[in-house]
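J.: Pasting a structure here, questions to come.
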Amino acid sequence: MPQIFKIGGYIVYIWSDEGCPTEPVHVHISQGRPSNNATKIWITKNYKCLLAHNNSKIPFHVLNDIIDLIELNAETICQKWQEHFNGIRFYC
């Protein structure tokens with residue numbers, strides 16, 4: 001699973017098994033290591049974030065800071081997604 005970045009004890013990453021067809025571009029956030037129960041953030045085509053769910057129960061004041069960083073790095077994240085999955089589509 002490609003790690004995008006780490007902030008504090010949280011990692012932001014792409015989960016490699018995204019089904020077929022591949023889901024729209026998004027990242028997962030979890031504390032410590034990748035988890036199948038991680039928080040999920042959609043990235044829109046204008047590089048904004050939408051919270052899909054907060055399954056890992058990250059406190060919202062922390063999650064908002066992480067989302068700000070994801071938006072700042074959204075173009076790079078989308079490039080990594082496209083390289084990893086050989087294509088990209090957006091949730092909206």
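Chain identifiers are assigned as A, B, and so on, following the order in which chains appear in the structure tokens; residues are numbered from 1 within each chain, and ligands are numbered from 1 in order of appearance.
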Please return, as a count of residues only, all residues of chain A that DSSP assigns to strand (DSSP E) on the basis of the backbone.

T.: 25

J.: Taking 6 positions as the minimum chain separation for residues in the same chain, which residues sit within 8 Å of Lys45 of chain A when counting only C-alpha atoms? Answer as a CSV table (one decimal) with N, CA and C atoms, in the first residue's frame.

T.:
chain,number,residue,atom,x,y,z
A,90,PHE,N,-13.2,10.1,-10.6
A,90,PHE,CA,-13.5,10.9,-9.4
A,90,PHE,C,-14.9,10.6,-8.9
A,91,TYR,N,-15.1,10.7,-7.6
A,91,TYR,CA,-16.4,10.5,-7.0
A,91,TYR,C,-17.3,11.6,-7.5
A,92,CYS,N,-16.8,12.9,-7.5
A,92,CYS,CA,-17.6,14.0,-8.1
A,92,CYS,C,-16.6,15.1,-8.4

J.: Looking at only C-alpha atoms, which of A:Ser16, A:Thr22, A:Gln82, A:Thr39 is the one that sits closest to Phe60 of chain A?

T.: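 For Phe60 of chain A, the nearest of the given residues is A:Thr39.
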
J.: Pick from A:Ala38, A:Leu69, A:Val25, A:Val62: nearest to Phe85 of chain A, with only C-alpha atoms counted?

T.: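 Closest candidate: A:Val25.
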
J.: I'd like the contact shell of Ile11 of chain A - 9 Å cut-off, only C-alpha atoms, skipping same-chain residues fewer than 2 positions apart - returned as a list in words.

T.: Gln3, Ile4, Phe5, Lys6, Ile7, Gly8, Gly9, Tyr13, His28, Ile29, Ser30, Gln31, Gly32, Arg33 and Pro34 of chain A

J.: Which residue out of A:Trp15, A:His26, A:Tyr47, A:Cys20 has the minimum interatomic distance to Ala74 of chain A when only C-alpha atoms are used?

T.: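 Looking only at the distances to Ala74 of chain A, the closest residue turns out to be A:Tyr47.
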
J.: Using only C-alpha atoms, pick whichever of A:Ile88, A:Thr44, A:Asn36, A:Pro21 has the shortest atom-to-atom distance to Ser56 of chain A.

T.: A:Asn36

J.: Of the residues A:Glu23, A:Val12, A:His53, A:Asp17, which is the one nearest to Asn73 of chain A, using only C-alpha atoms?

T.: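 Closest residue, counting only C-alpha atoms: A:Val12.
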